[in-house]
Amino acid sequence: MEGTKQFVIAHLSDLHLTASDDQSRRRSRIFNTLRGMNEAFRKIIKSEAIRQADLIIVTGDITDRGDIVSWHLFWKEIRDAGLGGRVMVVPGNHDVCCLGARMPFQKKAHRQSDLERAGNGLQIGNQATHFPWVREFNKRVVVFGLNSNNLGNVTALSNAMGRIGHSQLLSFAEQLYTHRNAPVKIVVLHHGPSITEKTPLRKQGRKLMGRLIMTGRLIPNRQQRVLLLLCLSHGVKMIAHGHVHKAEDRVVHGVRIIGAPPTTQPAGTMGGRNVYQFYTYTIGGHDDRVHAELQKIQI
């Protein structure tokens, strides 16, 4: 039966593609730039793990500067690899937000232009531009897409901040109720909910983040708690996100949360070749468990 087939999801994130192959990625460390994201992406999407996946999700920062040329490059490579019908995308802060200071009295206009920038890129690949969206697969797997970006940044320090918003959370709650009987529910977004309390962090042996870094990486605490409560109460199996630029697999307040590493950034070298990482999630044919595996490929 169709509903009992194994279902495999590949999870890519933070590609930071640029308009030309020799262009570097914007980073906070001036003397530690990164190039080669475009070529790495071309090779990664031709790997066996990607080609065998039933669904490929990309959790934001597809582009480095939010430009339409980089979006066109992304969708061209996806089509050339024969993956056009299997890719689902949510935007990241680099796709949506301005990466510099702006005049505060034009905030409404900034928000509109940011929304249009990301929407234009999504539309090239026939992706949903209204959030939250929901897609059902294989009669068992339901994926919910959220936009966690704080649209309309007005300062150079706030371009990475996350925000879901009350109305989006309300619509998300309605969608969860509509699909309450689906056995496998997965939520995808760019900014991941995390632990902000010091005690749980210390128990897990995780380093405490500074207040400024935490503010720039996280969804506001109240919205995090609402999101986690909705997921826990409706039996969501997993939240998949990007943004943090490292592989994370953890349980926060009873909800499993997986953060993807930056797909096009080398995680090291082996045998003189770069090693790249991304997650795959396998839902078994006869149970509802989600098996996560961090794939490592050499290029």
# chains A, B, ... in the order shown; residues from 1 in each chain; ligands from 1

$ residues_around --residues "Val252 of chain A" --least-positions-apart "4" --cutoff "9 Å" --atoms "only C-alpha atoms" --output "list of chain:residue names"
A:Pro193, A:Ser194, A:Ile195, A:Leu228, A:Arg256, A:Ile257

$ write_last_selection --atoms "C-alpha atoms" --output "PDB file, in the first residue's frame"
ATOM      1  CA  PRO A 193      13.445  27.294  18.856  1.00  0.00           C
ATOM      2  CA  SER A 194      16.159  26.735  21.418  1.00  0.00           C
ATOM      3  CA  ILE A 195      16.851  26.631  25.121  1.00  0.00           C
ATOM      4  CA  LEU A 228       6.776  24.259  21.223  1.00  0.00           C
ATOM      5  CA  ARG A 256      12.710  16.874  18.972  1.00  0.00           C
ATOM      6  CA  ILE A 257      14.495  19.717  17.177  1.00  0.00           C
TER       7      ILE A 257
END

$ residues_around --residues "segment 50-52 of chain A" --least-positions-apart "3" --cutoff "9 Å" --atoms "only C-alpha atoms" --output "ChimeraX atom specification"
/A:8-10,44-47,55-56,81-83,280

$ closest_atom_pairs --of "segment 121-144 of chain A" --to "segment 167-188 of chain A" --cutoff "9 Å" --atoms "only C-alpha atoms" --output "JSON lines"
{"residue": "A:Phe131", "atom": "CA", "partner": "A:Gln168", "partner_atom": "CA", "distance": 6.8}
{"residue": "A:Pro132", "atom": "CA", "partner": "A:Phe172", "partner_atom": "CA", "distance": 6.1}
{"residue": "A:Trp133", "atom": "CA", "partner": "A:Phe172", "partner_atom": "CA", "distance": 8.3}
{"residue": "A:Val134", "atom": "CA", "partner": "A:Gln175", "partner_atom": "CA", "distance": 7.4}
{"residue": "A:Glu136", "atom": "CA", "partner": "A:Ala182", "partner_atom": "CA", "distance": 8.9}
{"residue": "A:Lys139", "atom": "CA", "partner": "A:Ala182", "partner_atom": "CA", "distance": 7.8}
{"residue": "A:Arg140", "atom": "CA", "partner": "A:Pro183", "partner_atom": "CA", "distance": 5.7}
{"residue": "A:Val141", "atom": "CA", "partner": "A:Val184", "partner_atom": "CA", "distance": 4.8}
{"residue": "A:Val142", "atom": "CA", "partner": "A:Lys185", "partner_atom": "CA", "distance": 4.9}
{"residue": "A:Val143", "atom": "CA", "partner": "A:Ile186", "partner_atom": "CA", "distance": 4.9}
{"residue": "A:Phe144", "atom": "CA", "partner": "A:Val187", "partner_atom": "CA", "distance": 4.7}

$ write_last_selection --atoms "N, CA and C atoms" --output "tab-separated table (two decimals), in the first residue's frame"
chain	number	residue	atom	x	y	z
A	131	PHE	N	2.48	32.14	4.35
A	131	PHE	CA	2.83	31.26	5.47
A	131	PHE	C	1.82	31.41	6.60
A	132	PRO	N	1.59	30.32	7.32
A	132	PRO	CA	2.18	28.99	7.14
A	132	PRO	C	1.51	28.21	6.01
A	133	TRP	N	2.27	27.31	5.39
A	133	TRP	CA	1.69	26.40	4.41
A	133	TRP	C	1.77	24.98	4.95
A	134	VAL	N	1.02	24.11	4.34
A	134	VAL	CA	1.01	22.70	4.77
A	134	VAL	C	0.92	21.82	3.53
A	136	GLU	N	0.80	17.53	2.37
A	136	GLU	CA	0.63	16.15	2.82
A	136	GLU	C	1.27	15.21	1.80
A	139	LYS	N	0.12	9.97	2.36
A	139	LYS	CA	-0.99	9.69	3.28
A	139	LYS	C	-0.58	9.58	4.74
A	140	ARG	N	0.71	9.80	5.03
A	140	ARG	CA	1.18	9.66	6.41
A	140	ARG	C	1.98	10.86	6.88
A	141	VAL	N	2.70	11.49	5.98
A	141	VAL	CA	3.63	12.55	6.35
A	141	VAL	C	3.04	13.91	5.98
A	142	VAL	N	2.97	14.80	6.96
A	142	VAL	CA	2.49	16.17	6.73
A	142	VAL	C	3.61	17.13	7.13
A	143	VAL	N	3.95	18.05	6.23
A	143	VAL	CA	5.00	19.04	6.48
A	143	VAL	C	4.37	20.42	6.55
A	144	PHE	N	4.72	21.16	7.61
A	144	PHE	CA	4.22	22.52	7.82
A	144	PHE	C	5.40	23.48	7.63

$ closest_residue --among "A:His190, A:His234, A:Lys43, A:Arg222" --to "Ile258 of chain A" --atoms "only C-alpha atoms"
A:His190

$ atom_distance --atom1 "atom CA of Gln298 of chain A" --atom2 "atom CA of Asn274 of chain A"
5.6 Å

$ residues_around --residues "segment 66-76 of chain A" --least-positions-apart "6" --cutoff "12 Å" --atoms "only C-alpha atoms" --output "ChimeraX atom specification"
/A:15-21,23,25-26,37-39,41-42,45,58,60,82-89,91-99,113-127

$ write_last_selection --atoms "N, CA and C atoms" --output "compact mmCIF listing (two decimals), in the first residue's frame"
# COMPACT_ATOMS: atom_id res chain seq x y z
N LEU A 15 22.59 27.62 2.16
CA LEU A 15 23.41 27.42 0.98
C LEU A 15 24.26 28.65 0.67
N HIS A 16 23.72 29.83 0.89
CA HIS A 16 24.41 31.11 0.66
C HIS A 16 24.96 31.20 -0.76
N LEU A 17 24.12 30.87 -1.73
CA LEU A 17 24.53 30.93 -3.13
C LEU A 17 24.71 32.39 -3.56
N THR A 18 25.63 32.60 -4.49
CA THR A 18 25.95 33.94 -4.94
C THR A 18 25.71 34.07 -6.45
N ALA A 19 25.66 35.31 -6.93
CA ALA A 19 25.34 35.57 -8.33
C ALA A 19 26.39 35.01 -9.28
N SER A 20 27.65 34.98 -8.85
CA SER A 20 28.72 34.41 -9.66
C SER A 20 29.52 33.41 -8.82
N ASP A 21 30.13 32.45 -9.48
CA ASP A 21 30.81 31.37 -8.76
C ASP A 21 32.03 31.85 -7.97
N GLN A 23 32.28 34.69 -6.35
CA GLN A 23 31.90 35.68 -5.33
C GLN A 23 31.97 35.05 -3.96
N ARG A 25 31.13 34.70 0.23
CA ARG A 25 29.98 34.83 1.11
C ARG A 25 30.23 35.91 2.14
N ARG A 26 29.19 36.66 2.47
CA ARG A 26 29.31 37.68 3.51
C ARG A 26 29.44 37.01 4.87
N MET A 37 30.56 28.07 -2.87
CA MET A 37 29.27 27.53 -2.46
C MET A 37 28.46 27.02 -3.65
N ASN A 38 28.50 27.75 -4.77
CA ASN A 38 27.71 27.36 -5.94
C ASN A 38 28.16 26.00 -6.48
N GLU A 39 29.46 25.83 -6.64
CA GLU A 39 29.97 24.58 -7.19
C GLU A 39 29.73 23.42 -6.23
N PHE A 41 27.25 23.16 -4.16
CA PHE A 41 25.83 22.85 -4.25
C PHE A 41 25.54 21.99 -5.47
N ARG A 42 26.12 22.33 -6.62
CA ARG A 42 25.89 21.54 -7.83
C ARG A 42 26.26 20.07 -7.62
N ILE A 45 23.83 18.12 -4.80
CA ILE A 45 22.49 17.71 -5.21
C ILE A 45 22.51 16.57 -6.23
N VAL A 58 14.60 22.75 2.11
CA VAL A 58 15.70 23.70 2.26
C VAL A 58 15.23 24.76 3.24
N GLY A 60 16.05 27.74 4.39
CA GLY A 60 16.45 29.14 4.36
C GLY A 60 17.89 29.44 4.02
N GLY A 82 17.13 17.34 -12.00
CA GLY A 82 15.90 16.54 -12.05
C GLY A 82 15.14 16.50 -10.75
N LEU A 83 15.28 17.55 -9.92
CA LEU A 83 14.68 17.56 -8.59
C LEU A 83 13.52 18.55 -8.47
N GLY A 84 13.11 19.15 -9.59
CA GLY A 84 12.15 20.24 -9.54
C GLY A 84 10.86 19.95 -8.80
N GLY A 85 10.33 18.75 -8.89
CA GLY A 85 9.07 18.44 -8.24
C GLY A 85 9.19 17.96 -6.83
N ARG A 86 10.41 17.89 -6.30
CA ARG A 86 10.62 17.33 -4.96
C ARG A 86 11.18 18.31 -3.95
N VAL A 87 11.30 19.58 -4.31
CA VAL A 87 11.94 20.56 -3.44
C VAL A 87 10.92 21.49 -2.81
N MET A 88 11.05 21.70 -1.49
CA MET A 88 10.21 22.65 -0.77
C MET A 88 11.11 23.57 0.02
N VAL A 89 10.81 24.88 -0.05
CA VAL A 89 11.72 25.90 0.48
C VAL A 89 10.98 26.84 1.43
N PRO A 91 12.09 30.62 3.39
CA PRO A 91 13.17 31.62 3.30
C PRO A 91 13.94 31.76 4.60
N GLY A 92 15.17 32.26 4.47
CA GLY A 92 15.98 32.61 5.63
C GLY A 92 16.20 34.10 5.69
N ASN A 93 16.89 34.55 6.72
CA ASN A 93 17.08 35.99 6.87
C ASN A 93 17.91 36.60 5.73
N HIS A 94 18.83 35.85 5.15
CA HIS A 94 19.60 36.38 4.03
C HIS A 94 18.74 36.51 2.77
N ASP A 95 17.70 35.70 2.67
CA ASP A 95 16.79 35.78 1.52
C ASP A 95 15.80 36.93 1.66
N VAL A 96 15.49 37.29 2.89
CA VAL A 96 14.41 38.24 3.16
C VAL A 96 14.93 39.61 3.57
N CYS A 97 15.96 39.64 4.39
CA CYS A 97 16.30 40.86 5.10
C CYS A 97 17.45 41.64 4.48
N CYS A 98 17.39 42.93 4.66
CA CYS A 98 18.49 43.81 4.30
C CYS A 98 19.65 43.55 5.25
N LEU A 99 20.88 43.58 4.74
CA LEU A 99 22.05 43.31 5.58
C LEU A 99 22.79 44.60 5.96
N SER A 113 9.27 45.64 0.82
CA SER A 113 10.30 45.31 -0.16
C SER A 113 11.01 44.00 0.19
N ASP A 114 11.20 43.74 1.48
CA ASP A 114 11.81 42.48 1.91
C ASP A 114 10.92 41.30 1.54
N LEU A 115 9.63 41.45 1.80
CA LEU A 115 8.69 40.38 1.49
C LEU A 115 8.67 40.10 -0.01
N GLU A 116 8.68 41.15 -0.80
CA GLU A 116 8.66 40.98 -2.24
C GLU A 116 9.94 40.33 -2.74
N ARG A 117 11.08 40.67 -2.15
CA ARG A 117 12.36 40.10 -2.58
C ARG A 117 12.35 38.58 -2.43
N ALA A 118 11.96 38.12 -1.25
CA ALA A 118 11.93 36.67 -1.04
C ALA A 118 10.84 36.01 -1.85
N GLY A 119 9.69 36.67 -1.94
CA GLY A 119 8.58 36.10 -2.70
C GLY A 119 8.91 35.91 -4.17
N ASN A 120 9.63 36.84 -4.75
CA ASN A 120 10.02 36.71 -6.15
C ASN A 120 10.91 35.49 -6.36
N GLY A 121 11.82 35.26 -5.43
CA GLY A 121 12.69 34.10 -5.54
C GLY A 121 11.96 32.79 -5.38
N LEU A 122 11.01 32.75 -4.46
CA LEU A 122 10.21 31.54 -4.25
C LEU A 122 9.32 31.23 -5.44
N GLN A 123 8.77 32.28 -6.03
CA GLN A 123 7.85 32.09 -7.14
C GLN A 123 8.53 31.49 -8.37
N ILE A 124 9.81 31.73 -8.54
CA ILE A 124 10.53 31.14 -9.68
C ILE A 124 10.41 29.62 -9.64
N GLY A 125 10.42 29.05 -8.45
CA GLY A 125 10.30 27.61 -8.29
C GLY A 125 8.90 27.15 -7.95
N ASN A 126 7.90 28.02 -8.18
CA ASN A 126 6.50 27.69 -7.89
C ASN A 126 6.28 27.29 -6.43
N GLN A 127 6.96 27.99 -5.54
CA GLN A 127 6.84 27.72 -4.11
C GLN A 127 5.79 28.63 -3.48

$ closest_residue --among "A:Arg289, A:His253, A:Arg135, A:His110" --to "Asn159 of chain A" --atoms "only C-alpha atoms"
A:His110

$ atom_distance --atom1 "atom CA of Ile297 of chain A" --atom2 "atom CA of Phe278 of chain A"
8.8 Å

$ closest_residue --among "A:Asp14, A:Asp288, A:Asp249, A:Glu293" --to "Thr59 of chain A" --atoms "only C-alpha atoms"
A:Asp14

$ residues_around --residues "Ile164 of chain A" --least-positions-apart "3" --cutoff "8 Å" --atoms "only C-alpha atoms" --output "list in words"
Leu146, Asn147, Ser148, Asn149, Asn150, Gln168, Leu169, Ile219 and Gln223 of chain A

$ closest_residue --among "A:Gly145, A:Gly36, A:Gly165, A:Gly192" --to "Arg250 of chain A" --atoms "only C-alpha atoms"
A:Gly192

$ atom_distance --atom1 "atom CA of Ser233 of chain A" --atom2 "atom CA of Asp54 of chain A"
27.5 Å

$ select_by_dssp --residues "segment 78-276 of chain A" --states "helix (DSSP H, G or I)" --output "ChimeraX atom specification"
/A:78-80,84-86,93-96,104-124,166-178,198-203,211-217,221-233

$ closest_residue --among "A:Arg79, A:Asn138, A:Ser13, A:His291" --to "Thr63 of chain A" --atoms "only C-alpha atoms"
A:Ser13

$ select_by_dssp --residues "segment 38-203 of chain A" --states "strand (DSSP E)" --output "JSON list (two decimals) with N, CA and C atoms, in the first residue's frame"
[["chain", "number", "residue", "atom", "x", "y", "z"],
["A", 55, "LEU", "N", 11.64, 13.71, -0.84],
["A", 55, "LEU", "CA", 11.39, 15.13, -0.64],
["A", 55, "LEU", "C", 12.69, 15.78, -0.20],
["A", 56, "ILE", "N", 12.97, 16.97, -0.73],
["A", 56, "ILE", "CA", 14.12, 17.77, -0.30],
["A", 56, "ILE", "C", 13.60, 19.07, 0.28],
["A", 57, "ILE", "N", 13.89, 19.32, 1.54],
["A", 57, "ILE", "CA", 13.50, 20.58, 2.17],
["A", 57, "ILE", "C", 14.75, 21.45, 2.33],
["A", 58, "VAL", "N", 14.60, 22.75, 2.11],
["A", 58, "VAL", "CA", 15.70, 23.70, 2.26],
["A", 58, "VAL", "C", 15.23, 24.76, 3.24],
["A", 59, "THR", "N", 15.87, 24.83, 4.41],
["A", 59, "THR", "CA", 15.38, 25.70, 5.48],
["A", 59, "THR", "C", 16.10, 27.05, 5.51],
["A", 87, "VAL", "N", 11.30, 19.58, -4.31],
["A", 87, "VAL", "CA", 11.94, 20.56, -3.44],
["A", 87, "VAL", "C", 10.92, 21.49, -2.81],
["A", 88, "MET", "N", 11.05, 21.70, -1.49],
["A", 88, "MET", "CA", 10.21, 22.65, -0.77],
["A", 88, "MET", "C", 11.11, 23.57, 0.02],
["A", 89, "VAL", "N", 10.81, 24.88, -0.05],
["A", 89, "VAL", "CA", 11.72, 25.90, 0.48],
["A", 89, "VAL", "C", 10.98, 26.84, 1.43],
["A", 90, "VAL", "N", 11.65, 27.19, 2.53],
["A", 90, "VAL", "CA", 11.23, 28.32, 3.36],
["A", 90, "VAL", "C", 12.38, 29.32, 3.34],
["A", 133, "TRP", "N", 2.27, 27.31, 5.39],
["A", 133, "TRP", "CA", 1.69, 26.40, 4.41],
["A", 133, "TRP", "C", 1.77, 24.98, 4.95],
["A", 134, "VAL", "N", 1.02, 24.11, 4.34],
["A", 134, "VAL", "CA", 1.01, 22.70, 4.77],
["A", 134, "VAL", "C", 0.92, 21.82, 3.53],
["A", 135, "ARG", "N", 1.70, 20.71, 3.52],
["A", 135, "ARG", "CA", 1.69, 19.76, 2.41],
["A", 135, "ARG", "C", 1.63, 18.34, 2.98],
["A", 136, "GLU", "N", 0.80, 17.53, 2.37],
["A", 136, "GLU", "CA", 0.63, 16.15, 2.82],
["A", 136, "GLU", "C", 1.27, 15.21, 1.80],
["A", 137, "PHE", "N", 2.02, 14.21, 2.28],
["A", 137, "PHE", "CA", 2.72, 13.27, 1.43],
["A", 137, "PHE", "C", 2.42, 11.83, 1.87],
["A", 141, "VAL", "N", 2.70, 11.49, 5.98],
["A", 141, "VAL", "CA", 3.63, 12.55, 6.35],
["A", 141, "VAL", "C", 3.04, 13.91, 5.98],
["A", 142, "VAL", "N", 2.97, 14.80, 6.96],
["A", 142, "VAL", "CA", 2.49, 16.17, 6.73],
["A", 142, "VAL", "C", 3.61, 17.13, 7.13],
["A", 143, "VAL", "N", 3.95, 18.05, 6.23],
["A", 143, "VAL", "CA", 5.00, 19.04, 6.48],
["A", 143, "VAL", "C", 4.37, 20.42, 6.55],
["A", 144, "PHE", "N", 4.72, 21.16, 7.61],
["A", 144, "PHE", "CA", 4.22, 22.52, 7.82],
["A", 144, "PHE", "C", 5.40, 23.48, 7.63],
["A", 145, "GLY", "N", 5.22, 24.51, 6.81],
["A", 145, "GLY", "CA", 6.27, 25.50, 6.59],
["A", 145, "GLY", "C", 5.94, 26.83, 7.24],
["A", 184, "VAL", "N", 2.62, 11.38, 11.12],
["A", 184, "VAL", "CA", 3.95, 12.01, 11.12],
["A", 184, "VAL", "C", 3.82, 13.47, 10.70],
["A", 185, "LYS", "N", 4.01, 14.37, 11.67],
["A", 185, "LYS", "CA", 3.94, 15.81, 11.40],
["A", 185, "LYS", "C", 5.33, 16.41, 11.62],
["A", 186, "ILE", "N", 5.82, 17.16, 10.62],
["A", 186, "ILE", "CA", 7.14, 17.78, 10.66],
["A", 186, "ILE", "C", 7.00, 19.26, 10.36],
["A", 187, "VAL", "N", 7.65, 20.09, 11.15],
["A", 187, "VAL", "CA", 7.63, 21.54, 10.97],
["A", 187, "VAL", "C", 8.99, 21.99, 10.46],
["A", 188, "VAL", "N", 8.99, 22.85, 9.43],
["A", 188, "VAL", "CA", 10.24, 23.39, 8.90],
["A", 188, "VAL", "C", 10.21, 24.90, 8.95]]
